[in-house]
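**Q** Okay, here's the structure, questions in a sec.
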Amino acid sequence: MNLRPFAALGVALTTFLVVAAVLTEALAARIAFSAIVGLPVGLAAGIVTGVATRTRLWRSPRARPTLLGIAAFGYALLAVAAVSYAVPPARGFVSVATAVPFAAVCAVAVALLARRYSVRIE
C-alpha cells in the first residue's frame, strides 16, 4: 500500500500546526498580531517538511512508521477541530487539553501499527 502522499501531506499538516501554534504563542507577549508572523512561518515549514518527506525521508523503510505517526497527529487534530466545528454539543468537551493528548495517542497507535505491518507499507 503506497502511503507516501498520505504521509507527506500529514507531516506537512502537523508541522504547520505545531510551528504556527508555538511561534504564535511565543510571540504573543511581544507582538499584538503574532499570528501574522506564526501562520506564514508555519506554512513555509509545513511545505518544506512535506516536500522533504515525499522526496527524501520516505526512502528509508525505518523512518516510515515514525512519519506515519507524525502524520496521524496532524490528521487527528484536524478531525477533532472538524468535530468541534460541526457538532455543537461537542464544543464543551473539545479543548487543547483534550485534543492534543487524543492526537498523541492516535500518533503512537499508528506508529506502532505501521511498525508491526511494515512489510505492507511502500
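In the C-alpha cells, chains take the letters A, B, ... in the order shown, each chain's residues start at 1, and ligands count up from 1 in the order shown.
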Could you pull the residues within 7 Å of region 100-104 of chain A, counting only C-alpha atoms, minus those fewer than 2 positions along the same chain, as an mmCIF file with C-alpha atoms, in the first residue's frame?
**A**
data_model
loop_
_atom_site.group_PDB
_atom_site.id
_atom_site.type_symbol
_atom_site.label_atom_id
_atom_site.label_comp_id
_atom_site.auth_asym_id
_atom_site.auth_seq_id
_atom_site.Cartn_x
_atom_site.Cartn_y
_atom_site.Cartn_z
ATOM 1 C CA PHE A 73 -1.062 13.521 14.835
ATOM 2 C CA ALA A 76 -6.260 13.636 14.447
ATOM 3 C CA LEU A 77 -6.059 17.318 15.389
ATOM 4 C CA VAL A 96 -6.403 21.957 23.562
ATOM 5 C CA ALA A 97 -6.127 19.968 26.784
ATOM 6 C CA THR A 98 -8.219 17.153 25.286
ATOM 7 C CA CYS A 106 -3.508 8.325 17.695
ATOM 8 C CA ALA A 107 0.059 9.056 16.590
ATOM 9 C CA VAL A 108 1.544 6.383 18.830
#
**Q** Using only C-alpha atoms, which residues sit within 10 Å of Ile70 (chain A) once same-chain residues fewer than 5 positions away are excluded, as a PyMOL selection string?
**A** chain A and resi 7-8+10-15+64-65+75+103-104+106-108+110-111
**Q** For a quick check of understanding, using only C-alpha atoms, which of A:Gly38, A:Leu9, A:Glu122, A:Leu27 has the smallest distance to Arg59 (chain A)?
**A**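 Closest to Arg59 (chain A) of all the choices is A:Glu122.
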**Q** My list of candidates is A:Val87, A:Ala114, A:Arg4, A:Phe16. Which is closest to Val48 (chain A) when distances are computed with only C-alpha atoms?
**A** A:Phe16
**Q** By how many Å are CA of Leu17 (chain A) and CA of Gly42 (chain A) apart?
**A**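 About the pair CA of Leu17 (chain A) and CA of Gly42 (chain A): they are 6.8 Å apart.
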**Q** Give me every alpha helix (DSSP H) residue in region 13-115 of chain A, going by DSSP on the backbone, as a PyMOL selection string.
**A** chain A and resi 13-27+35-55+64-86+96-115
**Q** Need to verify the contact set: Val94 (chain A), 9 Å, only C-alpha atoms, exclusion of same-chain residues closer than 3 positions in sequence. Can you return it as a list in words?
**A** Val80, Ala81, Val83, Ser84, Ala90, Arg91, Ala97, Thr98 and Ala99 of chain A
**Q** Using only C-alpha atoms, which of A:Tyr85, A:Arg56, A:Gly74, A:Leu68 sits nearest Leu112 (chain A)?
**A**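 Distance minimum relative to Leu112 (chain A) lands on A:Leu68.
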**Q** Work out how far CA of Ala86 (chain A) is from CA of Thr49 (chain A), in Å to one decimal.
**A**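 Interatomic distance here is 29.4 Å.
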**Q** Using only C-alpha atoms, which protein or nucleic acid residues come within 10 Å of Pro61 (chain A)? Drop anything in the same chain fewer than 3 positions from it, and give the result as a PyMOL selection string.
**A** chain A and resi 57-58+64-66+115+118-119+121-122
**Q** One decimal, Å: what's the distance from CA of Asn2 (chain A) over to CA of Ala72 (chain A), could you say?
**A**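 Straight-line distance from CA of Asn2 (chain A) to CA of Ala72 (chain A) works out to 15.6 Å.
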